[in-house]
Amino acid sequence: MTGLMLRGKALLAVALSASVLAFAAPAMAQEVPPEQLALARKYVDLTDRAAVFETTMVEIAIGSMRQIVQQNPEISEQTNTAIGKVLEEFRGRKSELLDQFARVYAVRFTIPELQEIVAFYESPTGQKLSMANSEVNIDLQRVMQVFTNNVRPEFFAKVRAELRTQGIEL
């Protein structure tokens, strides 16, 4: 990949992160009654089957390992030890993240709605859905990848054809 493409992807990632934070900011700023927040947190706990925090931390750790070892292969063992130590430090921060997730739900749903949501996810069907969601999401990502791979060349060809009608040849 060229440096320009990498910079473009980095800028896109920064822009997406900023837009996500912009949407999340109102949720963070609002006062939420403790009961509402507790119900939202219960929902988050009932549905965190994919271990979002742990998965994210492992991905971050792998990225750090690659970045350091790629340039300094001679210190891979020390880097691995350091990463393990830092992962251990971050272990206690899971609750902070899940509390922020809960706040997002608490702002968007009323106490009665959250009670219904929690009741559903405590039911056998809700538990089954929660257990299946991570696998279903993986399957949906695969379906989306196939769709994207199939549509991308067709879309590009149609754009080229449209440009040809305007007298532009690529």
# chains A, B, ... in the order shown; residues from 1 in each chain; ligands from 1

$ residues_around --residues "segment 56-58 of chain A" --least-positions-apart "3" --cutoff "9 Å" --atoms "only C-alpha atoms" --output "VMD selection string"
chain A and resid 51 to 53 61 to 63 87 90 to 91

$ residues_around --residues "Asp48 of chain A" --least-positions-apart "6" --cutoff "12 Å" --atoms "only C-alpha atoms" --output "list in words"
Arg41, Lys42, Glu54, Thr55, Lys94, Ser95, Leu97, Leu98, Phe101, Ala102, Tyr121, Gln127, Leu129, Ser130, Met131, Ala132, Asn133 and Ser134 of chain A

$ write_last_selection --atoms "N, CA and C atoms" --output "PDB file, in the first residue's frame"
ATOM      1  N   ARG A  41     -27.002  -1.232  32.631  1.00  0.00           N
ATOM      2  CA  ARG A  41     -25.785  -2.024  32.881  1.00  0.00           C
ATOM      3  C   ARG A  41     -26.130  -3.506  32.962  1.00  0.00           C
ATOM      4  N   LYS A  42     -27.276  -3.820  33.535  1.00  0.00           N
ATOM      5  CA  LYS A  42     -27.697  -5.220  33.601  1.00  0.00           C
ATOM      6  C   LYS A  42     -27.873  -5.775  32.186  1.00  0.00           C
ATOM      7  N   GLU A  54     -12.302  -7.655  26.326  1.00  0.00           N
ATOM      8  CA  GLU A  54     -11.167  -8.568  26.195  1.00  0.00           C
ATOM      9  C   GLU A  54     -10.716  -8.697  24.747  1.00  0.00           C
ATOM     10  N   THR A  55     -11.673  -8.829  23.842  1.00  0.00           N
ATOM     11  CA  THR A  55     -11.352  -8.961  22.423  1.00  0.00           C
ATOM     12  C   THR A  55     -10.625  -7.714  21.913  1.00  0.00           C
ATOM     13  N   LYS A  94     -12.343  -2.817  32.507  1.00  0.00           N
ATOM     14  CA  LYS A  94     -13.495  -3.337  31.769  1.00  0.00           C
ATOM     15  C   LYS A  94     -14.783  -2.680  32.254  1.00  0.00           C
ATOM     16  N   SER A  95     -14.910  -2.562  33.538  1.00  0.00           N
ATOM     17  CA  SER A  95     -16.132  -1.998  34.107  1.00  0.00           C
ATOM     18  C   SER A  95     -16.364  -0.568  33.631  1.00  0.00           C
ATOM     19  N   LEU A  97     -15.583   0.715  30.739  1.00  0.00           N
ATOM     20  CA  LEU A  97     -16.113   0.648  29.376  1.00  0.00           C
ATOM     21  C   LEU A  97     -17.576   0.216  29.386  1.00  0.00           C
ATOM     22  N   LEU A  98     -17.887  -0.830  30.141  1.00  0.00           N
ATOM     23  CA  LEU A  98     -19.257  -1.322  30.172  1.00  0.00           C
ATOM     24  C   LEU A  98     -20.197  -0.308  30.809  1.00  0.00           C
ATOM     25  N   PHE A 101     -21.042   1.991  28.021  1.00  0.00           N
ATOM     26  CA  PHE A 101     -22.036   1.352  27.160  1.00  0.00           C
ATOM     27  C   PHE A 101     -23.418   1.493  27.794  1.00  0.00           C
ATOM     28  N   ALA A 102     -23.489   1.213  29.095  1.00  0.00           N
ATOM     29  CA  ALA A 102     -24.760   1.286  29.816  1.00  0.00           C
ATOM     30  C   ALA A 102     -25.336   2.693  29.750  1.00  0.00           C
ATOM     31  N   TYR A 121     -33.956 -10.469  27.893  1.00  0.00           N
ATOM     32  CA  TYR A 121     -32.638 -11.112  27.863  1.00  0.00           C
ATOM     33  C   TYR A 121     -32.406 -12.055  29.034  1.00  0.00           C
ATOM     34  N   GLN A 127     -31.640 -15.259  26.232  1.00  0.00           N
ATOM     35  CA  GLN A 127     -30.315 -15.828  26.489  1.00  0.00           C
ATOM     36  C   GLN A 127     -29.776 -16.525  25.245  1.00  0.00           C
ATOM     37  N   LEU A 129     -30.590 -15.788  22.121  1.00  0.00           N
ATOM     38  CA  LEU A 129     -30.223 -14.735  21.184  1.00  0.00           C
ATOM     39  C   LEU A 129     -28.873 -14.128  21.562  1.00  0.00           C
ATOM     40  N   SER A 130     -28.687 -13.851  22.822  1.00  0.00           N
ATOM     41  CA  SER A 130     -27.431 -13.268  23.283  1.00  0.00           C
ATOM     42  C   SER A 130     -26.255 -14.195  23.004  1.00  0.00           C
ATOM     43  N   MET A 131     -26.449 -15.483  23.242  1.00  0.00           N
ATOM     44  CA  MET A 131     -25.377 -16.457  22.985  1.00  0.00           C
ATOM     45  C   MET A 131     -25.080 -16.568  21.492  1.00  0.00           C
ATOM     46  N   ALA A 132     -26.114 -16.457  20.666  1.00  0.00           N
ATOM     47  CA  ALA A 132     -25.948 -16.638  19.220  1.00  0.00           C
ATOM     48  C   ALA A 132     -25.454 -15.378  18.523  1.00  0.00           C
ATOM     49  N   ASN A 133     -25.617 -14.215  19.148  1.00  0.00           N
ATOM     50  CA  ASN A 133     -25.321 -12.957  18.460  1.00  0.00           C
ATOM     51  C   ASN A 133     -23.909 -12.867  17.906  1.00  0.00           C
ATOM     52  N   SER A 134     -22.902 -13.289  18.651  1.00  0.00           N
ATOM     53  CA  SER A 134     -21.541 -13.142  18.128  1.00  0.00           C
ATOM     54  C   SER A 134     -21.331 -14.031  16.909  1.00  0.00           C
TER      55      SER A 134
END

$ residues_around --residues "segment 166-170 of chain A" --least-positions-apart "4" --cutoff "12 Å" --atoms "only C-alpha atoms" --output "NGL selection string"
:A and (156-157 or 159-162)

$ select_by_dssp --residues "segment 29-104 of chain A" --states "alpha helix (DSSP H)" --output "ChimeraX atom specification"
/A:29,34-47,52-71,76-90,94-104

$ closest_residue --among "A:Ile117, A:Val107, A:Ile83, A:Val143" --to "Val44 of chain A" --atoms "only C-alpha atoms"
A:Ile117

$ residues_around --residues "Ala38 of chain A" --least-positions-apart "3" --cutoff "10 Å" --atoms "only C-alpha atoms" --output "JSON, numbers by chain"
{"A": [32, 33, 34, 35, 41, 42, 43, 44, 99, 102, 103, 106, 111, 114]}

$ decode --residues "segment 65-84 of chain A" --atoms "N, CA and C atoms" --output "short mmCIF file (atom, residue, chain, number, x, y, z; two decimals), in the first residue's frame"
data_model
loop_
_atom_site.label_atom_id
_atom_site.label_comp_id
_atom_site.auth_asym_id
_atom_site.auth_seq_id
_atom_site.Cartn_x
_atom_site.Cartn_y
_atom_site.Cartn_z
N MET A 65 2.30 -5.41 19.47
CA MET A 65 3.36 -6.41 19.31
C MET A 65 3.91 -6.35 17.88
N ARG A 66 3.01 -6.34 16.90
CA ARG A 66 3.46 -6.29 15.50
C ARG A 66 4.30 -5.04 15.23
N GLN A 67 3.82 -3.91 15.70
CA GLN A 67 4.50 -2.65 15.44
C GLN A 67 5.90 -2.64 16.05
N ILE A 68 6.02 -3.10 17.27
CA ILE A 68 7.32 -3.06 17.94
C ILE A 68 8.26 -4.12 17.38
N VAL A 69 7.77 -5.35 17.23
CA VAL A 69 8.64 -6.46 16.81
C VAL A 69 9.03 -6.34 15.34
N GLN A 70 8.18 -5.73 14.54
CA GLN A 70 8.51 -5.55 13.13
C GLN A 70 9.79 -4.71 12.99
N GLN A 71 9.92 -3.72 13.84
CA GLN A 71 11.09 -2.86 13.76
C GLN A 71 12.22 -3.31 14.69
N ASN A 72 11.86 -4.14 15.68
CA ASN A 72 12.85 -4.60 16.66
C ASN A 72 12.66 -6.08 16.96
N PRO A 73 12.91 -6.96 16.00
CA PRO A 73 12.64 -8.39 16.21
C PRO A 73 13.45 -9.00 17.36
N GLU A 74 14.55 -8.39 17.69
CA GLU A 74 15.41 -8.95 18.74
C GLU A 74 14.81 -8.81 20.15
N ILE A 75 13.78 -7.99 20.29
CA ILE A 75 13.18 -7.81 21.62
C ILE A 75 11.75 -8.38 21.70
N SER A 76 11.47 -9.39 20.89
CA SER A 76 10.10 -9.94 20.86
C SER A 76 9.72 -10.56 22.20
N GLU A 77 10.62 -11.24 22.85
CA GLU A 77 10.30 -11.87 24.15
C GLU A 77 10.00 -10.80 25.21
N GLN A 78 10.86 -9.78 25.27
CA GLN A 78 10.64 -8.70 26.24
C GLN A 78 9.35 -7.95 25.94
N THR A 79 9.05 -7.77 24.65
CA THR A 79 7.82 -7.08 24.25
C THR A 79 6.61 -7.89 24.67
N ASN A 80 6.68 -9.19 24.47
CA ASN A 80 5.59 -10.07 24.86
C ASN A 80 5.34 -9.98 26.37
N THR A 81 6.40 -9.97 27.15
CA THR A 81 6.28 -9.86 28.61
C THR A 81 5.69 -8.51 28.98
N ALA A 82 6.16 -7.45 28.35
CA ALA A 82 5.65 -6.11 28.64
C ALA A 82 4.16 -6.01 28.28
N ILE A 83 3.79 -6.58 27.16
CA ILE A 83 2.38 -6.55 26.73
C ILE A 83 1.52 -7.30 27.74
N GLY A 84 1.98 -8.44 28.21
CA GLY A 84 1.24 -9.19 29.22
C GLY A 84 1.04 -8.38 30.49
#
